[in-house]
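*Asks:* My structure is stored as input_28.pdb, with PDB, C-alpha atoms.
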ATOM      1  CA  MET A   1      -2.285  12.784 -27.261
ATOM      2  CA  GLY A   2      -1.936   9.438 -25.500
ATOM      3  CA  ASP A   3      -0.057   7.852 -28.400
ATOM      4  CA  PHE A   4       3.027   6.197 -26.880
ATOM      5  CA  GLY A   5       3.894   4.143 -29.920
ATOM      6  CA  GLN A   6       3.686   0.400 -30.444
ATOM      7  CA  SER A   7       5.200  -2.472 -28.544
ATOM      8  CA  TYR A   8       8.227  -4.102 -30.134
ATOM      9  CA  LEU A   9       7.022  -7.446 -28.830
ATOM     10  CA  ASP A  10       3.507  -7.784 -30.249
ATOM     11  CA  SER A  11       2.937  -4.479 -32.144
ATOM     12  CA  ARG A  12       0.045  -3.570 -29.834
ATOM     13  CA  PRO A  13      -0.371   0.119 -28.917
ATOM     14  CA  VAL A  14       1.532   0.812 -25.712
ATOM     15  CA  SER A  15      -1.454   2.661 -24.256
ATOM     16  CA  HIS A  16      -3.578  -0.511 -24.561
ATOM     17  CA  LYS A  17      -0.960  -2.622 -22.798
ATOM     18  CA  ILE A  18      -0.604  -0.024 -20.048
ATOM     19  CA  TRP A  19      -4.352   0.143 -19.473
ATOM     20  CA  ASP A  20      -4.761  -3.644 -19.350
ATOM     21  CA  ALA A  21      -2.078  -3.829 -16.649
ATOM     22  CA  LEU A  22      -3.025  -0.664 -14.778
ATOM     23  CA  ARG A  23      -6.506  -1.783 -13.733
ATOM     24  CA  TRP A  24      -5.182  -4.814 -11.840
ATOM     25  CA  THR A  25      -2.410  -2.856 -10.176
ATOM     26  CA  LEU A  26      -4.862  -0.147  -9.122
ATOM     27  CA  LEU A  27      -7.255  -2.736  -7.698
ATOM     28  CA  ILE A  28      -4.612  -4.535  -5.651
ATOM     29  CA  ASN A  29      -2.890  -1.410  -4.373
ATOM     30  CA  PHE A  30      -6.136   0.431  -3.589
ATOM     31  CA  ILE A  31      -7.230  -2.437  -1.351
ATOM     32  CA  SER A  32      -3.752  -2.621   0.183
ATOM     33  CA  ILE A  33      -3.524   1.122   0.895
ATOM     34  CA  VAL A  34      -6.999   1.275   2.421
ATOM     35  CA  LEU A  35      -6.276  -1.711   4.671
ATOM     36  CA  ALA A  36      -2.851  -0.367   5.667
ATOM     37  CA  TYR A  37      -4.148   3.067   6.641
ATOM     38  CA  LEU A  38      -7.288   1.804   8.382
ATOM     39  CA  LEU A  39      -5.201  -0.513  10.564
ATOM     40  CA  SER A  40      -1.974   1.433  11.010
ATOM     41  CA  ILE A  41      -3.361   4.850  12.009
ATOM     42  CA  PRO A  42      -5.381   3.640  15.037
ATOM     43  CA  LEU A  43      -2.555   1.248  15.937
ATOM     44  CA  GLY A  44       0.026   4.031  15.826
ATOM     45  CA  VAL A  45      -2.162   6.331  17.913
ATOM     46  CA  TRP A  46      -2.863   3.680  20.561
ATOM     47  CA  THR A  47       0.793   2.702  20.915
ATOM     48  CA  ALA A  48       1.764   6.373  21.313
ATOM     49  CA  VAL A  49      -0.898   7.034  23.940
ATOM     50  CA  ARG A  50       0.114   3.860  25.813
ATOM     51  CA  LYS A  51       3.853   4.478  25.468
ATOM     52  CA  ASP A  52       6.072   2.000  27.368
ATOM     53  CA  SER A  53       3.110  -0.204  28.266
ATOM     54  CA  ARG A  54       3.090  -3.938  27.577
ATOM     55  CA  PHE A  55       0.803  -3.343  24.616
ATOM     56  CA  ASP A  56       3.273  -0.805  23.193
ATOM     57  CA  ARG A  57       6.290  -3.088  23.640
ATOM     58  CA  ILE A  58       4.593  -6.129  22.121
ATOM     59  CA  THR A  59       3.181  -4.136  19.216
ATOM     60  CA  THR A  60       6.482  -2.378  18.542
ATOM     61  CA  THR A  61       8.351  -5.687  18.479
ATOM     62  CA  ALA A  62       5.790  -7.248  16.149
ATOM     63  CA  LEU A  63       5.873  -4.254  13.783
ATOM     64  CA  PHE A  64       9.672  -4.293  13.637
ATOM     65  CA  LEU A  65       9.565  -7.998  12.787
ATOM     66  CA  LEU A  66       6.986  -7.435  10.062
ATOM     67  CA  TYR A  67       8.912  -4.541   8.554
ATOM     68  CA  SER A  68      12.151  -6.542   8.489
ATOM     69  CA  LEU A  69      10.638  -9.464   6.562
ATOM     70  CA  PRO A  70      11.155  -9.051   2.779
ATOM     71  CA  SER A  71       7.966  -9.343   0.766
ATOM     72  CA  PHE A  72       9.436 -11.739  -1.813
ATOM     73  CA  TRP A  73      10.339 -14.189   0.975
ATOM     74  CA  ILE A  74       6.922 -13.984   2.611
ATOM     75  CA  GLY A  75       5.238 -14.329  -0.781
ATOM     76  CA  THR A  76       7.277 -17.445  -1.524
ATOM     77  CA  LEU A  77       6.468 -18.926   1.906
ATOM     78  CA  PHE A  78       2.766 -18.324   1.321
ATOM     79  CA  ILE A  79       2.955 -20.220  -1.974
ATOM     80  CA  VAL A  80       4.947 -23.099  -0.462
ATOM     81  CA  PHE A  81       2.777 -23.601   2.629
ATOM     82  CA  PHE A  82      -0.703 -22.307   1.748
ATOM     83  CA  THR A  83      -1.274 -23.299  -1.888
ATOM     84  CA  THR A  84      -0.374 -27.013  -1.920
ATOM     85  CA  PRO A  85      -1.446 -30.082   0.106
ATOM     86  CA  GLU A  86       2.202 -31.163   0.534
ATOM     87  CA  TYR A  87       2.354 -30.037   4.175
ATOM     88  CA  GLY A  88      -1.223 -30.981   5.015
ATOM     89  CA  LEU A  89      -4.611 -30.821   3.331
ATOM     90  CA  TRP A  90      -5.751 -28.177   5.806
ATOM     91  CA  LEU A  91      -3.018 -25.831   4.519
ATOM     92  CA  ASP A  92      -4.158 -26.019   0.881
ATOM     93  CA  LEU A  93      -6.206 -22.850   1.227
ATOM     94  CA  PHE A  94      -5.416 -20.550  -1.714
ATOM     95  CA  PRO A  95      -4.593 -20.759  -5.428
ATOM     96  CA  PRO A  96      -0.879 -20.465  -6.279
ATOM     97  CA  GLY A  97      -1.235 -17.488  -8.610
ATOM     98  CA  GLY A  98      -3.023 -15.861 -11.506
ATOM     99  CA  LEU A  99      -6.263 -13.928 -11.405
ATOM    100  CA  THR A 100      -8.962 -16.534 -11.918
ATOM    101  CA  ASP A 101      -9.513 -20.138 -12.921
ATOM    102  CA  LEU A 102     -12.927 -19.447 -14.430
ATOM    103  CA  PRO A 103     -13.611 -18.894 -18.159
ATOM    104  CA  LYS A 104     -14.480 -15.431 -19.439
ATOM    105  CA  ASP A 105     -18.101 -16.431 -20.030
ATOM    106  CA  ALA A 106     -18.633 -17.282 -16.337
ATOM    107  CA  PRO A 107     -21.182 -15.163 -14.382
ATOM    108  CA  ALA A 108     -19.699 -11.799 -13.403
ATOM    109  CA  ALA A 109     -20.388 -12.177  -9.678
ATOM    110  CA  LYS A 110     -18.819 -15.623  -9.548
ATOM    111  CA  ARG A 111     -15.846 -14.458 -11.604
ATOM    112  CA  TRP A 112     -15.143 -11.439  -9.361
ATOM    113  CA  ALA A 113     -15.477 -13.597  -6.263
ATOM    114  CA  ASP A 114     -12.855 -15.932  -7.708
ATOM    115  CA  ILE A 115     -10.580 -12.970  -8.537
ATOM    116  CA  ALA A 116     -10.911 -11.711  -4.953
ATOM    117  CA  TYR A 117     -10.012 -15.191  -3.705
ATOM    118  CA  HIS A 118      -6.883 -15.224  -5.896
ATOM    119  CA  LEU A 119      -5.815 -11.775  -4.677
ATOM    120  CA  ILE A 120      -5.865 -12.505  -0.934
ATOM    121  CA  LEU A 121      -2.226 -13.585  -0.667
ATOM    122  CA  PRO A 122      -0.816 -10.831  -2.937
ATOM    123  CA  VAL A 123      -2.724  -8.157  -1.017
ATOM    124  CA  LEU A 124      -1.433  -9.519   2.294
ATOM    125  CA  CYS A 125       2.150  -9.469   0.989
ATOM    126  CA  ILE A 126       1.857  -5.849  -0.123
ATOM    127  CA  THR A 127      -0.040  -4.675   2.971
ATOM    128  CA  TYR A 128       2.001  -5.980   5.894
ATOM    129  CA  GLY A 129       5.113  -3.911   5.156
ATOM    130  CA  SER A 130       3.106  -0.717   4.693
ATOM    131  CA  LEU A 131       1.154  -1.457   7.859
ATOM    132  CA  ALA A 132       4.342  -1.747   9.909
ATOM    133  CA  PHE A 133       5.992   1.352   8.446
ATOM    134  CA  ILE A 134       2.952   3.652   8.599
ATOM    135  CA  SER A 135       2.199   2.556  12.173
ATOM    136  CA  ARG A 136       5.718   3.498  13.255
ATOM    137  CA  GLN A 137       5.462   6.869  11.532
ATOM    138  CA  MET A 138       2.068   7.524  13.102
ATOM    139  CA  ARG A 139       3.401   6.623  16.545
ATOM    140  CA  GLY A 140       6.376   8.954  16.146
ATOM    141  CA  GLY A 141       4.157  11.813  15.004
ATOM    142  CA  MET A 142       1.788  11.337  17.932
ATOM    143  CA  LEU A 143       4.632  11.169  20.459
ATOM    144  CA  ASN A 144       5.938  14.527  19.220
ATOM    145  CA  VAL A 145       2.521  16.144  19.454
ATOM    146  CA  ILE A 146       1.364  14.864  22.861
ATOM    147  CA  LYS A 147       4.430  16.479  24.453
ATOM    148  CA  GLN A 148       3.333  19.944  23.314
ATOM    149  CA  ASP A 149       2.110  22.594  25.735
ATOM    150  CA  TYR A 150      -1.398  22.805  24.301
ATOM    151  CA  ILE A 151      -1.942  19.092  24.941
ATOM    152  CA  ARG A 152      -0.907  19.531  28.586
ATOM    153  CA  THR A 153      -3.282  22.518  28.763
ATOM    154  CA  ALA A 154      -6.117  20.377  27.413
ATOM    155  CA  HIS A 155      -5.417  17.788  30.108
ATOM    156  CA  ALA A 156      -5.367  20.528  32.759
ATOM    157  CA  LYS A 157      -8.798  21.734  31.590
ATOM    158  CA  GLY A 158     -10.170  18.253  32.225
ATOM    159  CA  LEU A 159     -11.111  17.448  28.629
ATOM    160  CA  PRO A 160     -11.961  13.798  27.903
ATOM    161  CA  GLU A 161      -9.001  11.673  26.803
ATOM    162  CA  ASN A 162     -10.608  10.685  23.498
ATOM    163  CA  GLN A 163     -11.268  14.315  22.625
ATOM    164  CA  ILE A 164      -7.672  15.302  23.417
ATOM    165  CA  VAL A 165      -6.227  12.443  21.383
ATOM    166  CA  TRP A 166      -8.453  12.470  18.314
ATOM    167  CA  LYS A 167      -9.487  16.125  18.066
ATOM    168  CA  HIS A 168      -6.369  17.984  19.187
ATOM    169  CA  ALA A 169      -3.368  15.653  18.882
ATOM    170  CA  PHE A 170      -4.312  13.421  15.949
ATOM    171  CA  ARG A 171      -4.792  16.135  13.331
ATOM    172  CA  ASN A 172      -1.452  17.759  14.101
ATOM    173  CA  SER A 173       0.381  14.423  13.952
ATOM    174  CA  LEU A 174      -0.678  13.673  10.381
ATOM    175  CA  PHE A 175       2.276  15.392   8.706
ATOM    176  CA  PRO A 176       4.456  12.249   8.504
ATOM    177  CA  ILE A 177       1.516  10.289   7.078
ATOM    178  CA  ILE A 178       0.823  12.978   4.482
ATOM    179  CA  THR A 179       4.491  12.983   3.506
ATOM    180  CA  LEU A 180       4.319   9.219   2.959
ATOM    181  CA  PHE A 181       1.436   9.734   0.539
ATOM    182  CA  ALA A 182       3.793  11.461  -1.891
ATOM    183  CA  SER A 183       5.700   8.187  -2.326
ATOM    184  CA  ILE A 184       2.755   5.806  -1.908
ATOM    185  CA  PHE A 185       0.754   7.442  -4.707
ATOM    186  CA  PRO A 186       3.218   6.685  -7.551
ATOM    187  CA  ALA A 187       4.064   3.302  -6.013
ATOM    188  CA  ALA A 188       0.377   2.371  -6.154
ATOM    189  CA  ILE A 189       0.412   2.883  -9.921
ATOM    190  CA  ALA A 190       3.823   1.363 -10.593
ATOM    191  CA  GLY A 191       2.846  -1.781  -8.717
ATOM    192  CA  SER A 192       4.884  -4.259  -6.748
ATOM    193  CA  THR A 193       7.082  -5.951  -9.336
ATOM    194  CA  VAL A 194       8.230  -8.800  -7.085
ATOM    195  CA  ILE A 195       4.750  -9.742  -5.848
ATOM    196  CA  GLU A 196       3.164  -9.496  -9.291
ATOM    197  CA  VAL A 197       5.871 -11.716 -10.784
ATOM    198  CA  ILE A 198       5.647 -14.283  -7.962
ATOM    199  CA  TYR A 199       1.855 -14.545  -8.217
ATOM    200  CA  SER A 200       1.658 -14.115 -12.030
ATOM    201  CA  ILE A 201      -0.550 -11.038 -11.829
ATOM    202  CA  PRO A 202      -0.571  -9.087 -15.131
ATOM    203  CA  GLY A 203      -0.137  -5.680 -13.495
ATOM    204  CA  MET A 204       2.188  -2.756 -14.086
ATOM    205  CA  GLY A 205       5.058  -4.322 -12.153
ATOM    206  CA  PHE A 206       4.841  -7.553 -14.136
ATOM    207  CA  LEU A 207       4.552  -5.578 -17.384
ATOM    208  CA  ALA A 208       7.643  -3.511 -16.536
ATOM    209  CA  TYR A 209       9.649  -6.628 -15.671
ATOM    210  CA  SER A 210       8.636  -8.561 -18.790
ATOM    211  CA  SER A 211       9.218  -5.502 -21.001
ATOM    212  CA  ILE A 212      12.738  -5.014 -19.656
ATOM    213  CA  ILE A 213      13.539  -8.702 -20.203
ATOM    214  CA  ALA A 214      12.165  -8.509 -23.771
ATOM    215  CA  ARG A 215      13.799  -5.088 -24.400
ATOM    216  CA  ASP A 216      10.414  -3.639 -25.249
ATOM    217  CA  TRP A 217      11.640  -0.076 -24.761
ATOM    218  CA  PRO A 218       8.486   1.885 -25.736
ATOM    219  CA  VAL A 219       6.617   0.188 -22.875
ATOM    220  CA  VAL A 220       9.517   0.651 -20.442
ATOM    221  CA  PHE A 221       9.918   4.356 -21.265
ATOM    222  CA  THR A 222       6.173   4.958 -20.924
ATOM    223  CA  ILE A 223       6.066   3.315 -17.486
ATOM    224  CA  LEU A 224       9.069   5.391 -16.349
ATOM    225  CA  MET A 225       7.418   8.564 -17.625
ATOM    226  CA  PHE A 226       4.223   7.794 -15.727
ATOM    227  CA  ALA A 227       6.223   7.094 -12.555
ATOM    228  CA  ALA A 228       7.957  10.486 -12.819
ATOM    229  CA  ILE A 229       4.711  12.361 -13.461
ATOM    230  CA  LEU A 230       2.916  10.615 -10.610
ATOM    231  CA  THR A 231       5.770  11.402  -8.229
ATOM    232  CA  MET A 232       5.323  15.113  -8.941
ATOM    233  CA  ILE A 233       1.538  14.820  -8.600
ATOM    234  CA  GLY A 234       1.939  12.981  -5.291
ATOM    235  CA  ASN A 235       4.187  15.743  -3.936
ATOM    236  CA  LEU A 236       1.709  18.396  -5.070
ATOM    237  CA  ILE A 237      -1.226  16.626  -3.406
ATOM    238  CA  ALA A 238       0.813  16.223  -0.210
ATOM    239  CA  ASP A 239       1.478  19.980  -0.167
ATOM    240  CA  PHE A 240      -2.248  20.705  -0.402
ATOM    241  CA  LEU A 241      -3.019  18.166   2.337
ATOM    242  CA  TYR A 242      -0.574  19.933   4.663
ATOM    243  CA  ALA A 243      -2.774  23.032   4.454
ATOM    244  CA  VAL A 244      -5.901  20.958   5.049
ATOM    245  CA  ALA A 245      -4.443  19.255   8.134
ATOM    246  CA  ASP A 246      -2.972  22.416   9.669
ATOM    247  CA  PRO A 247      -4.624  25.847   9.121
ATOM    248  CA  ARG A 248      -1.306  27.520   9.982
ATOM    249  CA  VAL A 249       0.080  26.269   6.662
ATOM    250  CA  SER A 250      -0.802  28.667   3.871
ATOM    251  CA  TYR A 251       0.381  29.017   0.281
ATOM    252  CA  LYS A 252      -0.996  32.500  -0.305
TER     253      LYS A 252
END
Kindly return the structure encoded in the file as structure tokens.
*Replies:*
Amino acid sequence: MGDFGQSYLDSRPVSHKIWDALRWTLLINFISIVLAYLLSIPLGVWTAVRKDSRFDRITTTALFLLYSLPSFWIGTLFIVFFTTPEYGLWLDLFPPGGLTDLPKDAPAAKRWADIAYHLILPVLCITYGSLAFISRQMRGGMLNVIKQDYIRTAHAKGLPENQIVWKHAFRNSLFPIITLFASIFPAAIAGSTVIEVIYSIPGMGFLAYSSIIARDWPVVFTILMFAAILTMIGNLIADFLYAVADPRVSYK
């Protein structure tokens, strides 16, 4: 159990190579997912409640622009403008890549602070696209719900606006967000290949890319197997979350 063979490249057990890469991918994508959901859900709700307002139009335009920008291009721009003093000393803010510049025997707190500093740009590159997409999905879900009869009834009863939005409308508008989780869950494990390669982060995406280039098929097949399994697990979890979000959904 757990024996996926040995790498053709360095004869290391595939499970060891997967684990070494998985921890960094999990760290980056966990931070990215938390940031994306914490920002996009309130943003989507507010733009839906303030539909056709100036705030909605400006936010919608900005989100469309963010979603249309490819992550590899933004990641390259970040490296060109924010990791070198070529365009001004005040722009030399972040390291160009890697995880840390400190030796392994450095104090743990200092080492993790340096790792966090190195991961700022990669996390931003992974987060902005998810933020734009989830916000649009949240807005669409809210717009469908606030047109329902029970929301108009709640307004007629004189309930506070916050209670109507967050207690009655919000919960029933979560279905698109739950559906997205089914695809986000395996993607969080597989990693962002482009970003990890650009910033030289030894995660799952970088491992998959380097293994394909080196024709290290045991590693490639193991990563593909994990992606398939996690896709099924993500769909299963999404089905359970449907029942949690809406009591009318039952699997009995």
*Asks:* Applied to this file, what does the PyMOL selection byres ((chain A and resi 119) around 9) return in terms of residues, put as a list in words?
*Replies:*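 Selection result, ordered by chain and number: Ile28, Gly97, Gly98, Leu99, Asp114, Ile115, Ala116, Tyr117, His118, Ile120, Leu121, Pro122, Val123, Leu124, Tyr199 and Ile201 of chain A.
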*Asks:* What gap, in Å, lies between CA of Lys167 in chain A and CA of Ala238 in chain A?
*Replies:* 21.0 Å
*Asks:* Would you list the contacts of Thr179 in chain A as a ChimeraX atom specification, taking every protein, DNA or RNA residue within 10 Å and counting all atoms listed in the file, but skipping same-chain residues closer than 3 positions in sequence?
*Replies:* /A:174-176,182-184,234-235,237-239,241-242
*Asks:* So how far away is CA of Val34 in chain A from CA of Asp20 in chain A, in Å?
*Replies:*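 Computing the Euclidean distance for CA of Asp20 in chain A and CA of Val34 in chain A yields 22.4 Å.
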*Asks:* Nearest to Ile178 in chain A among A:Phe221, A:Trp73, A:Phe240, A:Phe206, with distances taken over only C-alpha atoms: which residue is it?
*Replies:* A:Phe240
*Asks:* Considering all atoms listed in the file, state which residue in the set A:Lys110, A:Arg139, A:Arg215, A:Arg57 is at the smallest distance from Gly44 in chain A.
*Replies:*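 Ranked by minimum distance to Gly44 in chain A, first place goes to A:Arg139.
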*Asks:* With the file shown as input, list the residues that the PyMOL selection byres ((chain A and resi 63) around 8) selects, as number ranges by chain.
*Replies:* A: 59-62, 64-67, 132-133, 135-136
*Asks:* Could you write out the selected residues, including C-alpha atoms, as a compact mmCIF listing (two decimals), in the coordinates of the input?
*Replies:*
# COMPACT_ATOMS: atom_id res chain seq x y z
CA THR A 59 3.18 -4.14 19.22
CA THR A 60 6.48 -2.38 18.54
CA THR A 61 8.35 -5.69 18.48
CA ALA A 62 5.79 -7.25 16.15
CA PHE A 64 9.67 -4.29 13.64
CA LEU A 65 9.56 -8.00 12.79
CA LEU A 66 6.99 -7.44 10.06
CA TYR A 67 8.91 -4.54 8.55
CA ALA A 132 4.34 -1.75 9.91
CA PHE A 133 5.99 1.35 8.45
CA SER A 135 2.20 2.56 12.17
CA ARG A 136 5.72 3.50 13.26
*Asks:* Can you work out which one of A:Leu89, A:Ala48, A:Leu102, A:Ile212 has the shortest atom-to-atom distance to Ala169 in chain A, counting only C-alpha atoms?
*Replies:*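 Of all the options, A:Ala48 lies closest to Ala169 in chain A.
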*Asks:* Translate the PyMOL selection byres ((chain A and resi 15) around 12) into a concrete residue list for this structure, as an NGL selection string.
*Replies:* :A and (1-7 or 11-14 or 16-22 or 218-223 or 226)
*Asks:* What gap, in Å, lies between CA of Leu236 in chain A and CA of Leu26 in chain A?
*Replies:*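 Computing the Euclidean distance for CA of Leu236 in chain A and CA of Leu26 in chain A yields 20.1 Å.
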*Asks:* Which of these residues is nearest to Met204 in chain A, using all atoms listed in the file: A:Val145, A:Leu159, A:Leu27, A:Ala36?
*Replies:*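 Counting all atoms listed in the file, the residue closest to Met204 in chain A is A:Leu27.
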*Asks:* Using all atoms listed in the file, which residue out of A:Leu43, A:Val194, A:Met142, A:Leu9 lies closest to Ser71 in chain A?
*Replies:* A:Val194
*Asks:* Using only C-alpha atoms, which residue out of A:Leu131, A:Leu230, A:Pro202, A:Arg171 lies closest to Ala243 in chain A?
*Replies:*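 Of all the options, A:Arg171 lies closest to Ala243 in chain A.
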*Asks:* For a cutoff of 8 Å around the file-coordinate point (7.7, -1.4, -12.1), which residues qualify once you count only C-alpha atoms? I'd like the result as a list in words.
*Replies:*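 Those residues, ordered by chain and then number, are Ala190, Gly191, Ser192, Thr193, Met204, Gly205, Phe206, Leu207, Ala208, Tyr209 and Ile223 of chain A.
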